[in-house]
Protein chains: 2
Amino acid sequence: MIAVLAGGTGAAKFVRGLLEVVLPETLTLIGNTGDDVELWGVHISPDLDTLMYQLAGWLDEERGWGVRGDTFACLATIGRYGEPTWFQLGDRDLATHLVRTNLLRRGYSLTEATAALCARLGVRARLLPMTDDPVRTYIHTPSGVLAFQEFFVRERWMPEVMAVEYRGSERARPAPGVLEAISEAQGILIAPSNPITSIGPILSISGIREALAERRDRVLAISPILGTEAVSGPAGKLMRACGYEVSPLGVARFYAGIVGRILIDDQDAGWREAIEQVGLRVFTAPLRMTDRAAAIRLARAAIACLHSEA
Amino acid sequence: MIAVLAGGTGAAKFVRGLLEVVLPETLTLIGNTGDDVELWGVHISPDLDTLMYQLAGWLDEERGWGVRGDTFACLATIGRYGEPTWFQLGDRDLATHLVRTNLLRRGYSLTEATAALCARLGVRARLLPMTDDPVRTYIHTPSGVLAFQEFFVRERWMPEVMAVEYRGSERARPAPGVLEAISEAQGILIAPSNPITSIGPILSISGIREALAERRDRVLAISPILGTEAVSGPAGKLMRACGYEVSPLGVARFYAGIVGRILIDDQDAGWREAIEQVGLRVFTAPLRMTDRAAAIRLARAAIACLHSEA
């Protein structure tokens, strides 16, 4: 059994490779819900959706989110009513949100609703939200506090970041199965997701950090930073804002104490010694998932690192 | 000022003609909400939607409901999740329901939400729901009680009808503006809608029947029955089940006491005397709205009947 802590797009790319290397039945994905948002009364879980679509073979892999071949007729009409349309809500994607929201209103927990959606799509891997409680990532900027999707999508992550807040995390409990998945897995992978806003919310929930620390030598983080830049998205900007160097060493420092192993890019081998001083064992491999084959190679390398006793 | 009691498809066809004959600003449509249904958490008002789309120029006039050129990607995906898809929910149409439901959750009444939607689409006529309170039409059949949409859409109005119930009507009050529109209008038209399930729910609300009775001589019903058959839909079946003859005379008897004038088809002039004995003045015109020109002619005839002092 392998557990994976996962955000959205980057994690989904990695999972695409992983599904070719291990049986889906042996995978438990623990997804970030700090990005969740309610719009027009529907509960949207962008990271869980991206992961589920990948697991179901529905993901639009070019965009990295949403359903392949989706259309946006509903959103365009919402715009005709003068409502904001910055959140890209596909017509097929909306079906997921409607069915999920309906299950939640009928008393399902987010864990149960996610399991029901996955089952109906024939997904064989297990997908868990990090928590059933509301935890929401807020970005503090000079002009005010923004919900994560407002910062990321509406403002295209342009505003200066002063602080990142995981609102609700102090009262949130891990979703059923999360701590068990971490305790019982042969290995735990931290996907190459944004440490601050994809993995950070997961780590902010009471008990998860401790569970990882106990399995530390079996926890492998895959760096989302190559050299001194994020593979994609605002990971670099957010790490810097939170006081972390944008480098594999910065990633190692962010995960120090809960991660025993880190996989960094071949070209970043120069950081090996500095990272080892933080207490992590360092592995290298080509990290860029330029195509399906590269994603499979990376997944294979990650599994090998987990099992390495060297 | 003209007030129109209206159902969905048949009324929308009539309104299409009416909009060419009177200024939209002088029209108040009072729409049936007995067909309303909540599906996947969204509040759907089929008759109000059909009327609003007609007023906004959005109506798919071939189908008689929904938005012209709409697609059904969301519904198809809802089906992939194993959910029932008998209710035809278009992607563009869904935007209306999402925006409306969002307004209702924010505390708008259905009257206010309807006004807001209409304003955003540039509708100049006034569209009022019959009530802001929940009134729902149920059809009693030998195999159980069906909500109207279940009977009409899912079961294609096949089941035998034992009784029709307007659930909630005993506690419902007319929406703000409804009684005033009836009292103050120069004339009140009852659209050629299904008497039992389109107009019946409106009449079931306390005060509306009395307001119409007071203006009786200024109230004109346009018969939805030609000869001994409904122009379309289950009007005949439902009238028979409720003990009314399926004929212009049956319509006259249904509306007796609240309607002073009735417009029946030229070919049905043979019923004139019998209808006059029920206490209604009878006018005749070609009732079939086979095209736009015919709808305009019918609207013009209806307005003339209202004003006739003969």
# chains A, B, ... in the order shown; residues from 1 in each chain; ligands from 1
$ residues_around --residues "A:Ile258" --least-positions-apart "2" --cutoff "6 Å" --atoms "only C-alpha atoms" --output "list in words"
Leu212, Ala213, Arg216, Tyr255 and Ala256 of chain A
$ write_last_selection --atoms "N, CA and C atoms" --output "CSV table (one decimal), in the first residue's frame"
chain,number,residue,atom,x,y,z
A,212,LEU,N,3.0,11.4,10.2
A,212,LEU,CA,4.1,11.4,9.2
A,212,LEU,C,5.5,11.3,9.9
A,213,ALA,N,5.6,12.1,10.9
A,213,ALA,CA,6.9,12.1,11.7
A,213,ALA,C,7.3,10.7,12.2
A,216,ARG,N,8.6,8.7,9.4
A,216,ARG,CA,9.5,9.6,8.6
A,216,ARG,C,10.4,8.9,7.6
A,255,TYR,N,9.9,20.5,4.7
A,255,TYR,CA,9.4,19.2,5.1
A,255,TYR,C,10.2,18.5,6.2
A,256,ALA,N,11.2,19.2,6.7
A,256,ALA,CA,12.1,18.7,7.7
A,256,ALA,C,11.3,18.2,8.9
$ residues_around --residues "B:Asp266" --least-positions-apart "6" --cutoff "9 Å" --atoms "only C-alpha atoms" --output "PyMOL selection string"
chain B and resi 283-287
$ residues_around --residues "stretch 135-147 of chain A" --least-positions-apart "3" --cutoff "9 Å" --atoms "only C-alpha atoms" --output "compact mmCIF listing (two decimals) with N, CA and C atoms, in the first residue's frame"
# COMPACT_ATOMS: atom_id res chain seq x y z
N THR A 33 -8.03 19.96 0.51
CA THR A 33 -9.34 20.60 0.32
C THR A 33 -9.32 22.08 0.72
N GLY A 34 -8.11 22.61 0.94
CA GLY A 34 -7.98 24.03 1.29
C GLY A 34 -8.41 24.94 0.15
N ASP A 35 -8.43 24.40 -1.08
CA ASP A 35 -8.84 25.19 -2.26
C ASP A 35 -10.33 25.14 -2.49
N ASP A 36 -11.04 24.36 -1.69
CA ASP A 36 -12.47 24.18 -1.96
C ASP A 36 -13.20 25.52 -1.93
N VAL A 37 -14.24 25.58 -2.71
CA VAL A 37 -14.97 26.84 -2.81
C VAL A 37 -16.44 26.53 -3.10
N THR A 131 -9.65 16.18 5.19
CA THR A 131 -10.54 16.35 6.34
C THR A 131 -11.97 16.50 5.83
N ASP A 132 -12.92 16.18 6.70
CA ASP A 132 -14.32 16.46 6.38
C ASP A 132 -14.74 17.82 6.91
N GLU A 150 -9.63 32.90 -5.42
CA GLU A 150 -9.62 34.30 -5.85
C GLU A 150 -8.19 34.73 -6.20
N PHE A 151 -7.25 34.37 -5.31
CA PHE A 151 -5.85 34.70 -5.54
C PHE A 151 -5.33 33.99 -6.79
N PHE A 152 -5.59 32.70 -6.88
CA PHE A 152 -4.95 31.85 -7.88
C PHE A 152 -5.58 32.03 -9.25
N PRO A 159 -1.01 39.25 -6.98
CA PRO A 159 -0.79 40.11 -5.80
C PRO A 159 0.40 39.65 -4.95
N GLU A 160 1.00 40.60 -4.31
CA GLU A 160 2.08 40.31 -3.36
C GLU A 160 1.50 39.48 -2.21
N VAL A 161 2.24 38.47 -1.78
CA VAL A 161 1.76 37.61 -0.70
C VAL A 161 2.45 37.98 0.60
N MET A 162 1.64 38.30 1.61
CA MET A 162 2.20 38.65 2.91
C MET A 162 2.15 37.47 3.88
N ALA A 163 1.11 36.68 3.78
CA ALA A 163 1.00 35.52 4.66
C ALA A 163 -0.02 34.56 4.08
N VAL A 164 0.07 33.31 4.53
CA VAL A 164 -0.87 32.28 4.10
C VAL A 164 -1.54 31.71 5.34
N GLU A 165 -2.84 31.59 5.28
CA GLU A 165 -3.60 31.15 6.45
C GLU A 165 -4.42 29.93 6.07
N TYR A 166 -4.39 28.91 6.94
CA TYR A 166 -5.24 27.73 6.72
C TYR A 166 -6.41 27.85 7.68
N ARG A 167 -7.41 28.59 7.30
CA ARG A 167 -8.49 28.93 8.22
C ARG A 167 -9.32 27.69 8.55
N GLY A 168 -9.55 27.48 9.82
CA GLY A 168 -10.33 26.32 10.25
C GLY A 168 -9.48 25.13 10.63
N SER A 169 -8.18 25.20 10.33
CA SER A 169 -7.36 23.99 10.56
C SER A 169 -7.21 23.67 12.04
N GLU A 170 -7.33 24.67 12.91
CA GLU A 170 -7.12 24.42 14.34
C GLU A 170 -8.24 23.54 14.91
N ARG A 171 -9.39 23.55 14.27
CA ARG A 171 -10.50 22.71 14.76
C ARG A 171 -10.71 21.46 13.91
N ALA A 172 -9.97 21.35 12.81
CA ALA A 172 -10.25 20.25 11.86
C ALA A 172 -9.59 18.95 12.31
N THR A 197 0.51 25.76 -0.47
CA THR A 197 -0.95 25.80 -0.59
C THR A 197 -1.57 24.46 -1.00
N PRO A 201 -1.82 22.80 3.68
CA PRO A 201 -3.13 22.64 4.35
C PRO A 201 -3.29 21.24 4.95
N ILE A 205 -3.39 20.02 9.64
CA ILE A 205 -4.46 19.36 10.40
C ILE A 205 -3.88 18.49 11.49
$ select_by_dssp --residues "stretch 193-244 of chain B" --states "strand (DSSP E)" --output "list in words"
Val219, Leu220, Ala221, Ile222, Ile225, Leu226, Glu229 and Ala230 of chain B
$ write_last_selection --atoms "N, CA and C atoms" --output "tab-separated table (two decimals), in the first residue's frame"
chain	number	residue	atom	x	y	z
B	219	VAL	N	-62.49	39.72	-17.15
B	219	VAL	CA	-61.62	38.54	-17.23
B	219	VAL	C	-62.03	37.70	-18.45
B	220	LEU	N	-61.05	37.46	-19.32
B	220	LEU	CA	-61.29	36.66	-20.53
B	220	LEU	C	-60.42	35.41	-20.50
B	221	ALA	N	-61.07	34.25	-20.62
B	221	ALA	CA	-60.30	33.01	-20.73
B	221	ALA	C	-60.21	32.63	-22.20
B	222	ILE	N	-59.03	32.22	-22.62
B	222	ILE	CA	-58.86	31.70	-23.98
B	222	ILE	C	-58.86	30.18	-23.86
B	225	ILE	N	-59.01	24.21	-25.25
B	225	ILE	CA	-59.66	23.04	-25.86
B	225	ILE	C	-60.30	23.46	-27.18
B	226	LEU	N	-60.04	22.72	-28.21
B	226	LEU	CA	-60.68	22.91	-29.53
B	226	LEU	C	-61.54	21.69	-29.78
B	229	GLU	N	-60.87	18.25	-27.88
B	229	GLU	CA	-59.48	17.87	-27.61
B	229	GLU	C	-58.64	19.06	-27.21
B	230	ALA	N	-57.66	18.79	-26.36
B	230	ALA	CA	-56.71	19.83	-25.98
B	230	ALA	C	-55.82	20.15	-27.18
$ interface_residues --of "chain A" --to "chain B" --cutoff "9 Å" --atoms "only C-alpha atoms" --output "ChimeraX atom specification"
/A:39-42,70-83,90-96,98-103,105,117,120-121
$ calpha_fit_and_write --fixed "chain B" --moving "chain A" --output "tab-separated table (two decimals) with C-alpha atoms, in the first residue's frame"
chain	number	residue	atom	x	y	z
A	1	MET	CA	-52.36	47.45	-18.09
A	2	ILE	CA	-53.11	43.80	-18.88
A	3	ALA	CA	-52.65	40.92	-16.44
A	4	VAL	CA	-52.18	37.39	-17.76
A	5	LEU	CA	-52.59	34.19	-15.75
A	6	ALA	CA	-50.15	31.82	-17.38
A	7	GLY	CA	-48.74	28.31	-17.42
A	8	GLY	CA	-45.75	27.40	-19.55
A	9	THR	CA	-45.58	26.39	-23.20
A	10	GLY	CA	-49.11	27.32	-24.33
A	11	ALA	CA	-49.02	30.61	-22.47
A	12	ALA	CA	-45.59	31.43	-23.91
A	13	LYS	CA	-46.91	30.93	-27.43
A	14	PHE	CA	-49.76	33.29	-26.65
A	15	VAL	CA	-47.44	35.84	-25.02
A	16	ARG	CA	-45.31	35.80	-28.16
A	17	GLY	CA	-48.29	37.23	-30.05
A	18	LEU	CA	-49.26	39.56	-27.24
A	19	LEU	CA	-45.83	41.20	-27.24
A	20	GLU	CA	-46.51	42.37	-30.81
A	21	VAL	CA	-49.87	43.86	-29.88
A	22	VAL	CA	-49.29	45.65	-26.56
A	23	LEU	CA	-46.26	47.32	-25.04
A	24	PRO	CA	-44.32	44.92	-22.80
A	25	GLU	CA	-44.34	47.55	-20.05
A	26	THR	CA	-48.13	47.19	-19.85
A	27	LEU	CA	-48.02	43.42	-19.27
A	28	THR	CA	-48.00	41.61	-15.94
A	29	LEU	CA	-47.68	37.85	-16.22
A	30	ILE	CA	-48.75	35.82	-13.19
A	31	GLY	CA	-47.05	32.46	-13.54
A	32	ASN	CA	-47.83	29.05	-12.15
A	33	THR	CA	-45.27	27.68	-9.71
A	34	GLY	CA	-47.08	24.41	-8.93
A	35	ASP	CA	-44.67	22.68	-11.36
A	36	ASP	CA	-41.59	23.90	-9.52
A	37	VAL	CA	-39.11	21.25	-8.58
A	38	GLU	CA	-35.80	21.06	-6.76
A	39	LEU	CA	-33.27	18.78	-8.43
A	40	TRP	CA	-29.62	18.43	-7.34
A	41	GLY	CA	-30.22	21.34	-5.00
A	42	VAL	CA	-31.29	23.82	-7.67
A	43	HIS	CA	-34.71	25.44	-7.67
A	44	ILE	CA	-36.36	25.01	-11.07
A	45	SER	CA	-39.49	27.01	-11.98
A	46	PRO	CA	-40.38	25.54	-15.38
A	47	ASP	CA	-43.32	27.84	-16.13
A	48	LEU	CA	-41.63	31.05	-14.96
A	49	ASP	CA	-38.55	30.05	-16.96
A	50	THR	CA	-40.52	29.42	-20.14
A	51	LEU	CA	-42.26	32.78	-19.78
A	52	MET	CA	-39.05	34.61	-18.96
A	53	TYR	CA	-37.21	33.03	-21.89
A	54	GLN	CA	-40.06	34.09	-24.17
A	55	LEU	CA	-39.97	37.64	-22.80
A	56	ALA	CA	-36.18	37.76	-23.20
A	57	GLY	CA	-36.19	36.31	-26.70
A	58	TRP	CA	-34.31	33.24	-25.47
A	59	LEU	CA	-37.06	30.62	-25.75
A	60	ASP	CA	-36.59	27.57	-27.92
A	61	GLU	CA	-39.91	28.02	-29.69
A	62	GLU	CA	-39.74	24.69	-31.49
A	63	ARG	CA	-39.62	22.73	-28.25
A	64	GLY	CA	-41.73	25.27	-26.40
A	65	TRP	CA	-39.38	25.26	-23.40
A	66	GLY	CA	-35.77	25.88	-22.56
A	67	VAL	CA	-33.16	28.09	-24.16
A	68	ARG	CA	-32.71	28.15	-27.93
A	69	GLY	CA	-29.58	26.27	-29.00
A	70	ASP	CA	-29.06	24.79	-25.56
A	71	THR	CA	-26.82	21.77	-25.02
A	72	PHE	CA	-27.12	18.97	-22.46
A	73	ALA	CA	-23.52	18.14	-21.53
A	74	CYS	CA	-24.08	18.55	-17.79
A	75	LEU	CA	-27.17	16.34	-17.82
A	76	ALA	CA	-25.38	13.65	-19.81
A	77	THR	CA	-22.59	13.65	-17.22
A	78	ILE	CA	-25.10	13.54	-14.37
A	79	GLY	CA	-26.29	10.37	-16.11
A	80	ARG	CA	-22.73	9.02	-16.08
A	81	TYR	CA	-22.93	9.30	-12.27
A	82	GLY	CA	-25.98	7.03	-12.36
A	83	GLU	CA	-28.41	9.82	-11.48
A	84	PRO	CA	-31.85	10.06	-13.13
A	85	THR	CA	-31.87	12.21	-16.25
A	86	TRP	CA	-35.56	12.33	-17.15
A	87	PHE	CA	-35.76	16.04	-16.40
A	88	GLN	CA	-34.31	17.82	-19.42
A	89	LEU	CA	-31.86	20.22	-17.89
A	90	GLY	CA	-30.01	22.26	-20.50
A	91	ASP	CA	-26.58	23.73	-19.81
A	92	ARG	CA	-27.76	27.31	-20.44
A	93	ASP	CA	-31.03	26.67	-18.64
A	94	LEU	CA	-29.05	25.42	-15.66
A	95	ALA	CA	-27.40	28.84	-15.37
A	96	THR	CA	-30.84	30.33	-14.71
A	97	HIS	CA	-31.50	27.79	-11.98
A	98	LEU	CA	-28.08	28.30	-10.37
A	99	VAL	CA	-28.39	32.07	-10.32
A	100	ARG	CA	-31.98	31.88	-9.03
A	101	THR	CA	-31.12	29.35	-6.33
A	102	ASN	CA	-28.20	31.50	-5.26
A	103	LEU	CA	-30.50	34.53	-4.91
A	104	LEU	CA	-33.05	32.46	-2.93
A	105	ARG	CA	-30.30	31.26	-0.58
A	106	ARG	CA	-29.23	34.86	-0.07
A	107	GLY	CA	-32.76	35.60	1.17
A	108	TYR	CA	-34.51	36.83	-1.97
A	109	SER	CA	-38.15	35.81	-2.27
A	110	LEU	CA	-39.11	34.02	-5.49
A	111	THR	CA	-40.75	37.28	-6.61
A	112	GLU	CA	-37.53	39.20	-6.00
A	113	ALA	CA	-35.36	36.53	-7.61
A	114	THR	CA	-37.64	36.42	-10.67
A	115	ALA	CA	-37.53	40.22	-10.96
A	116	ALA	CA	-33.73	40.19	-10.66
A	117	LEU	CA	-33.32	37.52	-13.36
A	118	CYS	CA	-35.73	39.36	-15.67
A	119	ALA	CA	-33.98	42.69	-15.11
A	120	ARG	CA	-30.60	41.16	-15.94
A	121	LEU	CA	-32.02	39.85	-19.22
A	122	GLY	CA	-33.55	43.21	-20.08
A	123	VAL	CA	-37.13	41.97	-19.82
A	124	ARG	CA	-39.55	44.91	-19.75
A	125	ALA	CA	-42.79	43.08	-18.96
A	126	ARG	CA	-43.43	42.19	-15.33
A	127	LEU	CA	-43.29	38.51	-14.41
A	128	LEU	CA	-44.68	37.47	-11.02
A	129	PRO	CA	-44.85	34.03	-9.48
A	130	MET	CA	-48.36	33.27	-8.22
A	131	THR	CA	-46.94	32.96	-4.70
A	132	ASP	CA	-43.66	33.03	-2.82
A	133	ASP	CA	-44.85	30.11	-0.71
A	134	PRO	CA	-44.31	26.49	-1.72
A	135	VAL	CA	-47.35	25.16	-3.57
A	136	ARG	CA	-46.75	21.92	-5.45
A	137	THR	CA	-49.07	20.06	-7.78
A	138	TYR	CA	-49.31	16.34	-7.10
A	139	ILE	CA	-51.07	13.81	-9.32
A	140	HIS	CA	-52.73	10.88	-7.57
A	141	THR	CA	-52.48	7.73	-9.68
A	142	PRO	CA	-53.34	4.07	-8.99
A	143	SER	CA	-49.67	3.35	-8.35
A	144	GLY	CA	-49.05	6.30	-6.08
A	145	VAL	CA	-48.76	10.05	-5.83
A	146	LEU	CA	-46.46	11.76	-8.33
A	147	ALA	CA	-45.03	15.27	-8.28
A	148	PHE	CA	-46.21	17.05	-11.40
A	149	GLN	CA	-42.90	16.84	-13.25
A	150	GLU	CA	-42.66	13.13	-12.47
A	151	PHE	CA	-46.12	12.62	-13.96
A	152	PHE	CA	-45.65	14.97	-16.90
A	153	VAL	CA	-42.03	14.44	-17.93
A	154	ARG	CA	-40.83	11.19	-16.40
A	155	GLU	CA	-44.06	9.22	-16.95
A	156	ARG	CA	-45.02	11.19	-20.10
A	157	TRP	CA	-48.50	11.73	-18.54
A	158	MET	CA	-49.38	8.06	-19.15
A	159	PRO	CA	-50.65	7.02	-15.68
A	160	GLU	CA	-54.35	7.12	-14.93
A	161	VAL	CA	-55.24	10.25	-12.97
A	162	MET	CA	-57.42	9.83	-9.90
A	163	ALA	CA	-57.08	13.27	-8.37
A	164	VAL	CA	-55.02	16.45	-8.52
A	165	GLU	CA	-53.72	18.10	-5.38
A	166	TYR	CA	-52.27	21.59	-4.95
A	167	ARG	CA	-50.21	20.82	-1.89
A	168	GLY	CA	-49.46	23.82	0.29
A	169	SER	CA	-52.10	26.03	-1.29
A	170	GLU	CA	-54.16	26.26	1.92
A	171	ARG	CA	-51.33	28.17	3.61
A	172	ALA	CA	-50.04	30.07	0.57
A	173	ARG	CA	-50.57	33.78	0.03
A	174	PRO	CA	-50.53	35.50	-3.35
A	175	ALA	CA	-47.12	36.96	-4.18
A	176	PRO	CA	-46.75	40.73	-3.68
A	177	GLY	CA	-48.32	42.52	-6.64
A	178	VAL	CA	-50.58	39.68	-7.77
A	179	LEU	CA	-53.86	40.89	-6.26
A	180	GLU	CA	-53.04	44.50	-7.23
A	181	ALA	CA	-52.32	43.45	-10.82
A	182	ILE	CA	-55.71	41.74	-10.98
A	183	SER	CA	-57.56	44.64	-9.34
A	184	GLU	CA	-55.89	47.38	-11.33
A	185	ALA	CA	-55.60	45.82	-14.79
A	186	GLN	CA	-57.84	47.06	-17.58
A	187	GLY	CA	-58.32	43.44	-18.41
A	188	ILE	CA	-57.20	40.04	-17.21
A	189	LEU	CA	-56.44	37.25	-19.65
A	190	ILE	CA	-56.30	33.57	-18.80
A	191	ALA	CA	-53.85	32.12	-21.29
A	192	PRO	CA	-54.77	28.96	-23.24
A	193	SER	CA	-52.97	26.85	-20.64
A	194	ASN	CA	-53.98	23.63	-18.97
A	195	PRO	CA	-56.87	24.67	-16.64
A	196	ILE	CA	-56.16	21.95	-14.08
A	197	THR	CA	-52.40	22.01	-13.63
A	198	SER	CA	-51.38	25.44	-15.00
A	199	ILE	CA	-54.21	27.78	-14.00
A	200	GLY	CA	-55.74	25.64	-11.23
A	201	PRO	CA	-52.74	26.09	-8.89
A	202	ILE	CA	-52.98	29.87	-9.32
A	203	LEU	CA	-56.72	29.82	-8.52
A	204	SER	CA	-56.10	27.61	-5.48
A	205	ILE	CA	-54.35	30.42	-3.63
A	206	SER	CA	-56.47	32.30	-1.16
A	207	GLY	CA	-57.66	35.66	-2.47
A	208	ILE	CA	-56.92	35.19	-6.17
A	209	ARG	CA	-60.27	33.61	-7.00
A	210	GLU	CA	-62.07	36.41	-5.12
A	211	ALA	CA	-60.04	39.12	-6.84
A	212	LEU	CA	-60.91	37.65	-10.23
A	213	ALA	CA	-64.60	37.26	-9.33
A	214	GLU	CA	-64.73	40.98	-8.51
A	215	ARG	CA	-63.36	41.85	-11.95
A	216	ARG	CA	-65.30	39.06	-13.62
A	217	ASP	CA	-66.55	41.06	-16.58
A	218	ARG	CA	-62.96	42.08	-17.36
A	219	VAL	CA	-61.61	38.53	-17.22
A	220	LEU	CA	-61.27	36.67	-20.52
A	221	ALA	CA	-60.29	33.02	-20.71
A	222	ILE	CA	-58.85	31.70	-23.97
A	223	SER	CA	-59.92	28.09	-24.37
A	224	PRO	CA	-57.08	25.55	-24.48
A	225	ILE	CA	-59.63	23.04	-25.85
A	226	LEU	CA	-60.61	22.89	-29.52
A	227	GLY	CA	-63.66	20.77	-30.15
A	228	THR	CA	-63.22	17.92	-27.72
A	229	GLU	CA	-59.44	17.86	-27.60
A	230	ALA	CA	-56.67	19.84	-25.97
A	231	VAL	CA	-54.48	21.81	-28.35
A	232	SER	CA	-51.56	19.94	-26.79
A	233	GLY	CA	-50.57	18.10	-23.64
A	234	PRO	CA	-52.62	16.45	-20.93
A	235	ALA	CA	-55.27	19.15	-20.43
A	236	GLY	CA	-58.04	16.89	-21.73
A	237	LYS	CA	-56.99	13.92	-19.63
A	238	LEU	CA	-56.76	16.03	-16.48
A	239	MET	CA	-60.07	17.83	-17.06
A	240	ARG	CA	-61.82	14.51	-17.52
A	241	ALA	CA	-60.22	13.15	-14.35
A	242	CYS	CA	-61.42	16.19	-12.43
A	243	GLY	CA	-64.98	15.79	-13.69
A	244	TYR	CA	-65.01	18.36	-16.47
A	245	GLU	CA	-66.22	17.66	-19.98
A	246	VAL	CA	-63.36	18.08	-22.48
A	247	SER	CA	-64.88	20.86	-24.58
A	248	PRO	CA	-65.11	24.65	-24.56
A	249	LEU	CA	-68.15	24.16	-22.35
A	250	GLY	CA	-66.05	22.19	-19.86
A	251	VAL	CA	-63.54	25.04	-19.82
A	252	ALA	CA	-66.37	27.55	-19.25
A	253	ARG	CA	-67.69	25.48	-16.35
A	254	PHE	CA	-64.20	25.26	-14.83
A	255	TYR	CA	-63.87	29.05	-14.95
A	256	ALA	CA	-67.52	29.87	-14.12
A	257	GLY	CA	-67.79	32.54	-11.45
A	258	ILE	CA	-64.40	34.09	-12.03
A	259	VAL	CA	-64.46	34.61	-15.79
A	260	GLY	CA	-67.01	36.78	-17.60
A	261	ARG	CA	-65.79	36.20	-21.13
A	262	ILE	CA	-64.41	33.28	-23.07
A	263	LEU	CA	-62.72	33.09	-26.44
A	264	ILE	CA	-63.35	29.81	-28.23
A	265	ASP	CA	-62.44	28.55	-31.67
A	266	ASP	CA	-64.51	29.61	-34.68
A	267	GLN	CA	-65.36	25.97	-35.30
A	268	ASP	CA	-66.75	25.60	-31.77
A	269	ALA	CA	-69.46	28.28	-32.19
A	270	GLY	CA	-72.04	25.53	-31.67
A	271	TRP	CA	-71.21	25.60	-27.94
A	272	ARG	CA	-72.12	29.31	-27.67
A	273	GLU	CA	-75.57	28.88	-26.20
A	274	ALA	CA	-74.61	26.26	-23.64
A	275	ILE	CA	-71.70	28.41	-22.49
A	276	GLU	CA	-73.86	31.50	-22.23
A	277	GLN	CA	-76.12	29.56	-19.90
A	278	VAL	CA	-73.12	29.10	-17.58
A	279	GLY	CA	-72.95	32.90	-17.49
A	280	LEU	CA	-70.04	33.69	-19.83
A	281	ARG	CA	-70.06	35.92	-22.86
A	282	VAL	CA	-68.71	34.01	-25.83
A	283	PHE	CA	-66.30	35.29	-28.50
A	284	THR	CA	-64.86	33.29	-31.35
A	285	ALA	CA	-61.63	33.43	-33.32
A	286	PRO	CA	-59.18	30.94	-34.85
A	287	LEU	CA	-57.33	29.59	-31.79
A	288	ARG	CA	-54.58	27.51	-33.38
A	289	MET	CA	-51.26	29.32	-33.08
A	290	THR	CA	-49.63	27.60	-36.03
A	291	ASP	CA	-47.12	30.37	-36.58
A	292	ARG	CA	-46.10	33.80	-35.36
A	293	ALA	CA	-48.77	35.55	-37.46
A	294	ALA	CA	-51.50	33.32	-36.03
A	295	ALA	CA	-50.29	34.04	-32.48
A	296	ILE	CA	-50.44	37.78	-33.20
A	297	ARG	CA	-53.96	37.48	-34.65
A	298	LEU	CA	-55.09	35.56	-31.57
A	299	ALA	CA	-53.58	38.15	-29.24
A	300	ARG	CA	-55.29	40.93	-31.18
A	301	ALA	CA	-58.60	39.06	-30.99
A	302	ALA	CA	-58.20	38.54	-27.23
A	303	ILE	CA	-57.52	42.23	-26.62
A	304	ALA	CA	-60.53	43.14	-28.77
A	305	CYS	CA	-62.73	40.74	-26.77
A	306	LEU	CA	-61.59	42.33	-23.52
A	307	HIS	CA	-62.51	45.77	-24.74
A	308	SER	CA	-65.76	44.77	-26.41
A	309	GLU	CA	-68.78	46.34	-24.75
A	310	ALA	CA	-71.18	44.48	-27.06
$ decode --residues "stretch 162-184 of chain A" --atoms "C-alpha atoms" --output "compact mmCIF listing (two decimals), in the first residue's frame"
# COMPACT_ATOMS: atom_id res chain seq x y z
CA MET A 162 2.20 38.65 2.91
CA ALA A 163 1.00 35.52 4.66
CA VAL A 164 -0.87 32.28 4.10
CA GLU A 165 -3.60 31.15 6.45
CA TYR A 166 -5.24 27.73 6.72
CA ARG A 167 -8.49 28.93 8.22
CA GLY A 168 -10.33 26.32 10.25
CA SER A 169 -7.36 23.99 10.56
CA GLU A 170 -7.12 24.42 14.34
CA ARG A 171 -10.50 22.71 14.76
CA ALA A 172 -10.25 20.25 11.86
CA ARG A 173 -9.69 16.54 12.30
CA PRO A 174 -8.18 14.25 9.68
CA ALA A 175 -10.82 12.51 7.57
CA PRO A 176 -11.55 8.87 8.48
CA GLY A 177 -8.84 6.67 7.02
CA VAL A 178 -6.19 9.36 6.64
CA LEU A 179 -4.10 8.58 9.73
CA GLU A 180 -4.52 4.83 9.14
CA ALA A 181 -3.37 5.20 5.52
CA ILE A 182 -0.25 7.01 6.72
CA SER A 183 0.44 4.52 9.53
CA GLU A 184 -0.18 1.40 7.50
